[in-house]
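A.B. asks: So that we are looking at the same thing, I have put the structure below in structure tokens.
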Amino acid sequence: MNPKIPVLGVIGAFAVVILVIAYSGTSIIDDTSSEVRIGTSGGMPEIEPLIISLEDIVIKDVDERTAYIEIAFKVANPNYKGVILEMIRYNVYEDGMKIGTKSIGDRAAPGGIVAASNYFTILSDRPSIIKDEFTIKNNGNIPELWSALENGDPKWRVTGQAYYNLSSMTAGQENELLFEFTK
């Protein structure tokens, strides 16, 4: 038997596998469900939005000049596969007055270049608690705010956006979720 025949057979099988992958659409396995998508070209899979809730907002310490606040978001993923949460940008209000704006994580630069791995992978089987801290300085101009902080009874409102995408390099798109919570 000619030794070239098995080698040509392996090369041919490899070429068939490459062609099937190349012409099967955006991915072989859908990143948002467990279904197999061989041979389909249905475009981008639909990603279910993340479920974000305000887990807690706690006054850690208050003195006459500074207040230290901790905020925690609970993020759940209803998709079949993991989702990359790039950033949560949020605004904090107390009794209708804006306290400040902060962000957790980093968004990728245009073209998908990430300067650092400051993002969160949200798995489908368990929610993630994402915490942040911020400081409020007392300048003496808003005694009502400082009184509410010292008494431990502020009326918080948190608004913001979460930016996320699928954890696959070949499927998914940029997604944004708006949220608003009161506590």
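The chains in the structure tokens are called A, B, ... from first to last as shown; in each chain the residues are counted from 1, and the ligands are counted from 1 in the order shown.
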Write out as a PyMOL selection string which residues come within 8 Å of Asp63 (chain A) when counting only C-alpha atoms, dropping same-chain ones fewer than 3 positions away.
C.D. replies: chain A and resi 66-67+150
A.B. asks: Those same residues - N, CA and C atoms - I'd like them written as a PDB file, in the first residue's frame.
C.D. replies:
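Produced file again02.pdb, reproduced below:
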ATOM      1  N   THR A  66     -15.673  62.914  57.206  1.00  0.00           N
ATOM      2  CA  THR A  66     -15.702  61.906  56.155  1.00  0.00           C
ATOM      3  C   THR A  66     -16.684  60.787  56.488  1.00  0.00           C
ATOM      4  N   ALA A  67     -17.342  60.278  55.443  1.00  0.00           N
ATOM      5  CA  ALA A  67     -18.194  59.090  55.572  1.00  0.00           C
ATOM      6  C   ALA A  67     -17.692  58.053  54.579  1.00  0.00           C
ATOM      7  N   GLU A 150     -25.118  60.350  59.756  1.00  0.00           N
ATOM      8  CA  GLU A 150     -24.788  60.085  61.169  1.00  0.00           C
ATOM      9  C   GLU A 150     -25.890  59.310  61.868  1.00  0.00           C
TER      10      GLU A 150
END
A.B. asks: Any idea what's packed within 10 Å of region 95-97 of chain A, counting only C-alpha atoms, ignoring anything in its chain fewer than 4 positions away? Could you give it as a ChimeraX atom specification?
C.D. replies: /A:144-145,148,154-157
A.B. asks: For Glu55 (chain A), work out the shell of residues within 7 Å, counting only C-alpha atoms and skipping chain neighbours fewer than 2 positions away, then give it as a PyMOL selection string.
C.D. replies: chain A and resi 53+72-74
A.B. asks: Between A:Lys81, A:Lys131, A:Arg126, A:Lys137, which is the closest to Gly100 (chain A) once you count only C-alpha atoms?
C.D. replies: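 Closest to Gly100 (chain A) of all the choices is A:Lys137.
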A.B. asks: Measuring atom to atom with only C-alpha atoms, identify which of A:Phe14, A:Val20, A:Pro3, A:Ile99 is nearest to Asn138 (chain A).
C.D. replies: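 Residue with the minimum atom-to-atom distance to Asn138 (chain A): A:Ile99.
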A.B. asks: Smallest atom-to-atom distance to Thr135 (chain A): which of A:Glu48, A:Glu64, A:Glu70, A:Asp56, using only C-alpha atoms?
C.D. replies: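 Among A:Glu48, A:Glu64, A:Glu70, A:Asp56, it is A:Glu70 that comes nearest to Thr135 (chain A).
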A.B. asks: If you count only C-alpha atoms, which residues fall within 8 Å of Glu180 (chain A), apart from same-chain ones fewer than 2 positions away, as a list of chain:residue names?
C.D. replies: A:Arg157, A:Val158, A:Thr159, A:Gly160, A:Leu178, A:Thr182
A.B. asks: Atoms to include: N, CA and C atoms. Write the selected residues as a PDB file, in the first residue's frame.
C.D. replies:
ATOM      1  N   ARG A 157     -30.798  56.264  46.474  1.00  0.00           N
ATOM      2  CA  ARG A 157     -31.242  55.887  45.129  1.00  0.00           C
ATOM      3  C   ARG A 157     -29.980  55.692  44.308  1.00  0.00           C
ATOM      4  N   VAL A 158     -29.914  54.557  43.609  1.00  0.00           N
ATOM      5  CA  VAL A 158     -28.740  54.217  42.803  1.00  0.00           C
ATOM      6  C   VAL A 158     -29.212  53.965  41.376  1.00  0.00           C
ATOM      7  N   THR A 159     -28.618  54.674  40.417  1.00  0.00           N
ATOM      8  CA  THR A 159     -28.916  54.466  39.007  1.00  0.00           C
ATOM      9  C   THR A 159     -27.606  54.138  38.289  1.00  0.00           C
ATOM     10  N   GLY A 160     -27.708  53.530  37.121  1.00  0.00           N
ATOM     11  CA  GLY A 160     -26.476  53.272  36.385  1.00  0.00           C
ATOM     12  C   GLY A 160     -26.665  52.379  35.183  1.00  0.00           C
ATOM     13  N   LEU A 178     -29.527  49.173  31.789  1.00  0.00           N
ATOM     14  CA  LEU A 178     -29.785  50.306  32.658  1.00  0.00           C
ATOM     15  C   LEU A 178     -30.482  49.806  33.916  1.00  0.00           C
ATOM     16  N   THR A 182     -33.787  51.767  44.831  1.00  0.00           N
ATOM     17  CA  THR A 182     -33.931  52.622  46.005  1.00  0.00           C
ATOM     18  C   THR A 182     -33.791  51.763  47.244  1.00  0.00           C
TER      19      THR A 182
END
A.B. asks: I need the alpha helix (DSSP H) residues of region 118-181 of chain A per DSSP on the backbone, written as a ChimeraX atom specification.
C.D. replies: /A:143-151
A.B. asks: Would you write out those residues with C-alpha atoms, as a compact mmCIF listing (two decimals), in the first residue's frame?
C.D. replies:
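What ended up in result07.txt:
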# COMPACT_ATOMS: atom_id res chain seq x y z
CA PRO A 143 -26.11 69.51 57.02
CA GLU A 144 -29.23 67.46 56.11
CA LEU A 145 -27.08 64.90 54.29
CA TRP A 146 -24.59 64.65 57.13
CA SER A 147 -27.36 64.30 59.69
CA ALA A 148 -28.92 61.43 57.69
CA LEU A 149 -25.52 59.71 57.44
CA GLU A 150 -24.79 60.08 61.17
CA ASN A 151 -28.28 58.85 62.10
A.B. asks: Between A:Asp106, A:Glu46, A:Glu176, A:Glu133, single out the one closest to Met87 (chain A), counting only C-alpha atoms.
C.D. replies: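 Among the listed residues, A:Asp106 lies closest to Met87 (chain A).
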